[in-house]
Amino acid sequence: MEFGFLNGDGPSSLLVLSSRIRIARNLKDYPFPYRATETLRKEILEKTRQAVQTEEALKILQFMELDSFSALEKQVLLENHLVSPNFIQESKGKGIFLHLPTTISMMVNEEDHLRVQCLTSGLNLEKGWSILNRLDDLLENHLSFAFHESWGYLSAFPTNLGTGLRASVLLHLPALVFLQAMPGLIQSLNQMGIVVRGFYGEGTESQGYFFQISNAFSLGPSEEEIVSRMSTTANQVIQQELESRERMKKNQPVLIIDRIWRSFSILKSARLINSAEAMEHLSLTRMGVQMGILPEIPVKSLNELMRMTRSANLQKELKEEVDALKRDEMRADYLRNSLANFS
């Protein structure tokens, strides 16, 4: 599978894995998914499918019912940031529309009737909003969304009232973690109305020193104002991370160089490696490439290594479901072979 947001061709792509624009929409005169019966959820699913089939420009979206996915395939969707952890917990009356080249996904009957998102490479929220804004207009040609004159688009969660827009940036911040600056940064961002989440968003933890930042509320400012503010904030955090890396390199050069080379060496020589360990060492390798400590490795290659060493992706690609020990062996083999030409 080819994912456009992993191409590594966006701005600041060594420090920003991806940017995500997501909108929440609900159909008028239907209860929210958590109150809707399975019959109503299926009716909502069918109305959405008909809207997509009717609009010529939307026919690029491929529809699949969540019930048709195996447990492994659902985990693959999650690992590739196409769905939320909550979405795959229960399958009845749920579906997904996908277009992987532009990395558009639309979850039907998640916490809201529609959760539509677009992922772009690097720090590129404006591009994602341009794509999603057009998609929203096309959907609204055929679907009546719940809207209130004062509260904007209605949502199952108060934080999504208004525009229903969430602008998120997935940042790589190892130096801020090493210098113990993350607690202060998180506090400052929270005071600005910006939340910090883990690798897969809400309810998940950071992995490989990746943190997702996004607007906490969508009521009040316009979509363009939210996108602009988040882009500005992300650039400020990136600058803090770069300054922290330079400070580490200046104050403890041998320590940081040794740590990075050790990680790179483990990836190139290990015979067994679990998912968390691989993520840790790939993270330090990514920082080493950006700092000029390690040889140049294309960002796309680094992104693909990170994607392919996740358990579900690894098994799906190799067409074999195996136990944890065998996965660790397969993961180590994949990493050694992929990095063999970099020294």
# chains A, B, ... in the order shown; residues from 1 in each chain; ligands from 1
$ residues_around --residues "stretch 213-215 of chain A" --least-positions-apart "3" --cutoff "8 Å" --atoms "only C-alpha atoms" --output "ChimeraX atom specification"
/A:166-171,193-197,218,226,230,234
$ write_last_selection --atoms "N, CA and C atoms" --output "compact mmCIF listing (two decimals), in the first residue's frame"
# COMPACT_ATOMS: atom_id res chain seq x y z
N ARG A 166 -10.54 19.64 13.65
CA ARG A 166 -9.36 19.37 14.49
C ARG A 166 -8.13 19.38 13.57
N ALA A 167 -7.20 20.26 13.87
CA ALA A 167 -5.94 20.35 13.12
C ALA A 167 -4.83 19.79 14.00
N SER A 168 -4.18 18.74 13.54
CA SER A 168 -3.19 18.03 14.35
C SER A 168 -1.87 17.90 13.61
N VAL A 169 -0.79 17.93 14.40
CA VAL A 169 0.55 17.76 13.85
C VAL A 169 1.28 16.72 14.69
N LEU A 170 1.87 15.72 14.04
CA LEU A 170 2.59 14.65 14.74
C LEU A 170 4.08 14.97 14.71
N LEU A 171 4.60 15.41 15.85
CA LEU A 171 5.95 15.96 15.96
C LEU A 171 6.92 14.98 16.59
N GLY A 193 -4.84 26.48 24.90
CA GLY A 193 -5.96 25.78 24.28
C GLY A 193 -5.52 24.75 23.27
N ILE A 194 -4.32 24.21 23.48
CA ILE A 194 -3.78 23.18 22.59
C ILE A 194 -3.48 21.94 23.42
N VAL A 195 -3.94 20.79 22.94
CA VAL A 195 -3.75 19.54 23.68
C VAL A 195 -2.61 18.73 23.07
N VAL A 196 -1.95 17.93 23.92
CA VAL A 196 -0.85 17.08 23.50
C VAL A 196 -1.27 15.64 23.74
N ARG A 197 -1.20 14.83 22.69
CA ARG A 197 -1.61 13.42 22.79
C ARG A 197 -0.49 12.52 22.30
N SER A 218 -13.17 23.79 18.84
CA SER A 218 -13.39 24.22 17.46
C SER A 218 -14.50 25.25 17.34
N ILE A 226 -7.99 28.44 12.80
CA ILE A 226 -7.50 27.26 13.53
C ILE A 226 -6.27 26.69 12.84
N MET A 230 -2.45 26.64 14.42
CA MET A 230 -1.76 25.38 14.68
C MET A 230 -0.45 25.31 13.91
N ALA A 234 3.09 24.84 15.78
CA ALA A 234 3.96 23.72 15.42
C ALA A 234 5.35 24.21 15.04
$ residues_around --residues "A:Asn109" --least-positions-apart "6" --cutoff "7 Å" --atoms "only C-alpha atoms" --output "ChimeraX atom specification"
/A:33,41,94
$ write_last_selection --atoms "C-alpha atoms" --output "mmCIF file, in the first residue's frame"
data_model
loop_
_atom_site.group_PDB
_atom_site.id
_atom_site.type_symbol
_atom_site.label_atom_id
_atom_site.label_comp_id
_atom_site.auth_asym_id
_atom_site.auth_seq_id
_atom_site.Cartn_x
_atom_site.Cartn_y
_atom_site.Cartn_z
ATOM 1 C CA PRO A 33 -23.911 6.867 17.150
ATOM 2 C CA ARG A 41 -26.383 3.111 12.177
ATOM 3 C CA LYS A 94 -19.742 0.920 10.826
#
$ residues_around --residues "A:Gly288" --least-positions-apart "5" --cutoff "7 Å" --atoms "only C-alpha atoms" --output "list of chain:residue names"
A:Ile260, A:Ile293, A:Leu294
$ closest_residue --among "A:His142, A:Arg259, A:Lys127, A:Arg247" --to "A:Ile21" --atoms "only C-alpha atoms"
A:Lys127
$ closest_atom_pairs --of "stretch 282-336 of chain A" --to "stretch 175-183 of chain A" --cutoff "12 Å" --atoms "only C-alpha atoms" --output "CSV"
residue,atom,partner,partner_atom,distance
A:Ser283,CA,A:Ala175,CA,10.8
A:Leu284,CA,A:Ala175,CA,9.7
A:Arg286,CA,A:Ala175,CA,11.8
A:Met287,CA,A:Ala175,CA,8.7
A:Gly288,CA,A:Ala175,CA,11.2
A:Met291,CA,A:Ala175,CA,11.2
$ select_by_dssp --residues "stretch 205-321 of chain A" --states "strand (DSSP E)" --output "PyMOL selection string"
chain A and resi 210-215
$ closest_residue --among "A:Asn26, A:Gln207, A:Gln191, A:Met248" --to "A:Gly164" --atoms "only C-alpha atoms"
A:Asn26
$ atom_distance --atom1 "atom CA of A:Asp333" --atom2 "atom CA of A:Leu272"
8.2 Å
$ atom_distance --atom1 "atom CA of A:Thr285" --atom2 "atom CA of A:Leu78"
23.9 Å
$ select_by_dssp --residues "stretch 128-288 of chain A" --states "alpha helix (DSSP H)" --output "PyMOL selection string"
chain A and resi 128-140+174-178+182-191+223-251+253-269+275-288
$ atom_distance --atom1 "atom CA of A:Leu242" --atom2 "atom CA of A:His281"
19.1 Å
$ closest_residue --among "A:Ala312, A:Leu335, A:Met306, A:Ala270" --to "A:Ser70" --atoms "only C-alpha atoms"
A:Ala312
$ residues_around --residues "A:Trp129" --least-positions-apart "2" --cutoff "12 Å" --atoms "only C-alpha atoms" --output "mmCIF file with N, CA and C atoms, in the first residue's frame"
data_model
loop_
_atom_site.group_PDB
_atom_site.id
_atom_site.type_symbol
_atom_site.label_atom_id
_atom_site.label_comp_id
_atom_site.auth_asym_id
_atom_site.auth_seq_id
_atom_site.Cartn_x
_atom_site.Cartn_y
_atom_site.Cartn_z
ATOM 1 N N SER A 19 0.733 15.845 9.063
ATOM 2 C CA SER A 19 -0.277 16.800 9.501
ATOM 3 C C SER A 19 -1.640 16.191 9.199
ATOM 4 N N ARG A 20 -2.599 16.456 10.079
ATOM 5 C CA ARG A 20 -3.927 15.870 9.890
ATOM 6 C C ARG A 20 -4.994 16.938 10.084
ATOM 7 N N ILE A 21 -5.915 16.989 9.138
ATOM 8 C CA ILE A 21 -7.117 17.801 9.275
ATOM 9 C C ILE A 21 -8.294 16.841 9.387
ATOM 10 N N ARG A 22 -9.105 17.029 10.423
ATOM 11 C CA ARG A 22 -10.266 16.156 10.630
ATOM 12 C C ARG A 22 -11.497 16.994 10.911
ATOM 13 N N ILE A 23 -12.618 16.639 10.288
ATOM 14 C CA ILE A 23 -13.884 17.292 10.589
ATOM 15 C C ILE A 23 -14.878 16.267 11.129
ATOM 16 N N ILE A 104 -6.971 10.043 2.401
ATOM 17 C CA ILE A 104 -8.261 10.476 2.922
ATOM 18 C C ILE A 104 -8.951 9.263 3.529
ATOM 19 N N VAL A 116 -14.174 12.669 9.087
ATOM 20 C CA VAL A 116 -13.456 12.702 7.813
ATOM 21 C C VAL A 116 -12.091 13.345 8.037
ATOM 22 N N GLN A 117 -11.032 12.693 7.548
ATOM 23 C CA GLN A 117 -9.695 13.234 7.776
ATOM 24 C C GLN A 117 -8.840 13.144 6.521
ATOM 25 N N CYS A 118 -7.879 14.041 6.461
ATOM 26 C CA CYS A 118 -6.876 14.023 5.394
ATOM 27 C C CYS A 118 -5.504 14.175 6.034
ATOM 28 N N LEU A 119 -4.600 13.271 5.710
ATOM 29 C CA LEU A 119 -3.231 13.297 6.217
ATOM 30 C C LEU A 119 -2.291 13.775 5.117
ATOM 31 N N THR A 120 -1.376 14.668 5.470
ATOM 32 C CA THR A 120 -0.387 15.157 4.513
ATOM 33 C C THR A 120 1.013 15.016 5.095
ATOM 34 N N ASN A 124 1.989 20.547 6.851
ATOM 35 C CA ASN A 124 1.262 21.010 5.668
ATOM 36 C C ASN A 124 -0.232 21.013 5.936
ATOM 37 N N LEU A 125 -0.641 21.669 7.017
ATOM 38 C CA LEU A 125 -2.054 21.709 7.383
ATOM 39 C C LEU A 125 -2.901 22.412 6.324
ATOM 40 N N GLU A 126 -2.338 23.432 5.696
ATOM 41 C CA GLU A 126 -3.096 24.199 4.707
ATOM 42 C C GLU A 126 -3.523 23.310 3.526
ATOM 43 N N LYS A 127 -2.629 22.438 3.093
ATOM 44 C CA LYS A 127 -2.970 21.534 1.986
ATOM 45 C C LYS A 127 -4.091 20.585 2.406
ATOM 46 N N ILE A 131 -8.037 20.250 0.757
ATOM 47 C CA ILE A 131 -8.636 19.001 0.268
ATOM 48 C C ILE A 131 -9.933 18.700 1.021
ATOM 49 N N LEU A 132 -9.888 18.816 2.331
ATOM 50 C CA LEU A 132 -11.031 18.435 3.152
ATOM 51 C C LEU A 132 -12.186 19.430 3.019
ATOM 52 N N ASN A 133 -11.880 20.686 2.838
ATOM 53 C CA ASN A 133 -12.916 21.701 2.649
ATOM 54 C C ASN A 133 -13.743 21.392 1.402
ATOM 55 N N ARG A 134 -13.056 21.017 0.342
ATOM 56 C CA ARG A 134 -13.746 20.638 -0.899
ATOM 57 C C ARG A 134 -14.584 19.381 -0.689
ATOM 58 N N LEU A 135 -14.043 18.420 0.015
ATOM 59 C CA LEU A 135 -14.755 17.173 0.282
ATOM 60 C C LEU A 135 -16.012 17.425 1.111
ATOM 61 N N ASP A 136 -15.901 18.306 2.096
ATOM 62 C CA ASP A 136 -17.030 18.655 2.950
ATOM 63 C C ASP A 136 -18.155 19.286 2.125
ATOM 64 N N LEU A 165 -13.724 21.115 13.428
ATOM 65 C CA LEU A 165 -12.412 20.882 12.813
ATOM 66 C C LEU A 165 -11.333 20.661 13.875
ATOM 67 N N ARG A 166 -10.537 19.638 13.654
ATOM 68 C CA ARG A 166 -9.362 19.371 14.486
ATOM 69 C C ARG A 166 -8.127 19.381 13.573
ATOM 70 N N ALA A 167 -7.198 20.264 13.865
ATOM 71 C CA ALA A 167 -5.940 20.346 13.117
ATOM 72 C C ALA A 167 -4.828 19.789 13.998
ATOM 73 N N SER A 168 -4.179 18.736 13.537
ATOM 74 C CA SER A 168 -3.189 18.026 14.350
ATOM 75 C C SER A 168 -1.866 17.902 13.614
ATOM 76 N N SER A 222 -12.565 30.671 12.993
ATOM 77 C CA SER A 222 -12.893 30.029 11.716
ATOM 78 C C SER A 222 -11.928 28.871 11.460
ATOM 79 N N GLU A 223 -12.250 28.079 10.462
ATOM 80 C CA GLU A 223 -11.368 26.964 10.090
ATOM 81 C C GLU A 223 -9.972 27.476 9.718
ATOM 82 N N GLU A 224 -9.942 28.549 8.940
ATOM 83 C CA GLU A 224 -8.651 29.100 8.508
ATOM 84 C C GLU A 224 -7.834 29.605 9.697
ATOM 85 N N GLU A 225 -8.510 30.189 10.671
ATOM 86 C CA GLU A 225 -7.809 30.674 11.859
ATOM 87 C C GLU A 225 -7.241 29.517 12.676
ATOM 88 N N ILE A 226 -7.992 28.439 12.804
ATOM 89 C CA ILE A 226 -7.502 27.258 13.529
ATOM 90 C C ILE A 226 -6.271 26.690 12.840
ATOM 91 N N VAL A 227 -6.349 26.546 11.524
ATOM 92 C CA VAL A 227 -5.232 25.976 10.754
ATOM 93 C C VAL A 227 -4.000 26.862 10.871
ATOM 94 N N SER A 228 -4.181 28.165 10.725
ATOM 95 C CA SER A 228 -3.053 29.094 10.806
ATOM 96 C C SER A 228 -2.403 29.065 12.189
ATOM 97 N N SER A 231 -0.414 25.835 12.699
ATOM 98 C CA SER A 231 0.829 25.858 11.922
ATOM 99 C C SER A 231 1.886 26.705 12.620
#
$ residues_around --residues "A:Met64" --least-positions-apart "2" --cutoff "10 Å" --atoms "only C-alpha atoms" --output "NGL selection string"
:A and (49 or 61-62 or 66-69 or 94-98)
$ write_last_selection --atoms "C-alpha atoms" --output "PDB file, in the first residue's frame"
ATOM      1  CA  ARG A  49     -22.645   5.451   0.697  1.00  0.00           C
ATOM      2  CA  LEU A  61     -13.342   6.850  -2.250  1.00  0.00           C
ATOM      3  CA  GLN A  62     -13.393   3.088  -1.757  1.00  0.00           C
ATOM      4  CA  LEU A  66     -15.861  -2.661   9.094  1.00  0.00           C
ATOM      5  CA  ASP A  67     -17.393  -6.107   9.618  1.00  0.00           C
ATOM      6  CA  SER A  68     -15.510  -7.284   6.520  1.00  0.00           C
ATOM      7  CA  PHE A  69     -12.117  -6.717   8.161  1.00  0.00           C
ATOM      8  CA  LYS A  94     -19.742   0.920  10.826  1.00  0.00           C
ATOM      9  CA  GLY A  95     -17.906   1.559   7.572  1.00  0.00           C
ATOM     10  CA  ILE A  96     -14.933   3.362   6.142  1.00  0.00           C
ATOM     11  CA  PHE A  97     -14.225   5.217   2.895  1.00  0.00           C
ATOM     12  CA  LEU A  98     -10.586   5.391   1.798  1.00  0.00           C
TER      13      LEU A  98
END
$ residues_around --residues "A:Thr103" --least-positions-apart "2" --cutoff "10 Å" --atoms "only C-alpha atoms" --output "PyMOL selection string"
chain A and resi 2-6+20+80-82+98-101+105+117-121+128
$ closest_residue --among "A:Val52, A:Met330, A:Leu255, A:Met192" --to "A:Leu318" --atoms "only C-alpha atoms"
A:Met330
$ closest_residue --among "A:Leu314, A:Phe342, A:Thr159, A:Glu320" --to "A:Ser301" --atoms "only C-alpha atoms"
A:Phe342
$ closest_residue --among "A:Met106, A:Met279, A:Leu114, A:Ile273" --to "A:Lys326" --atoms "only C-alpha atoms"
A:Ile273
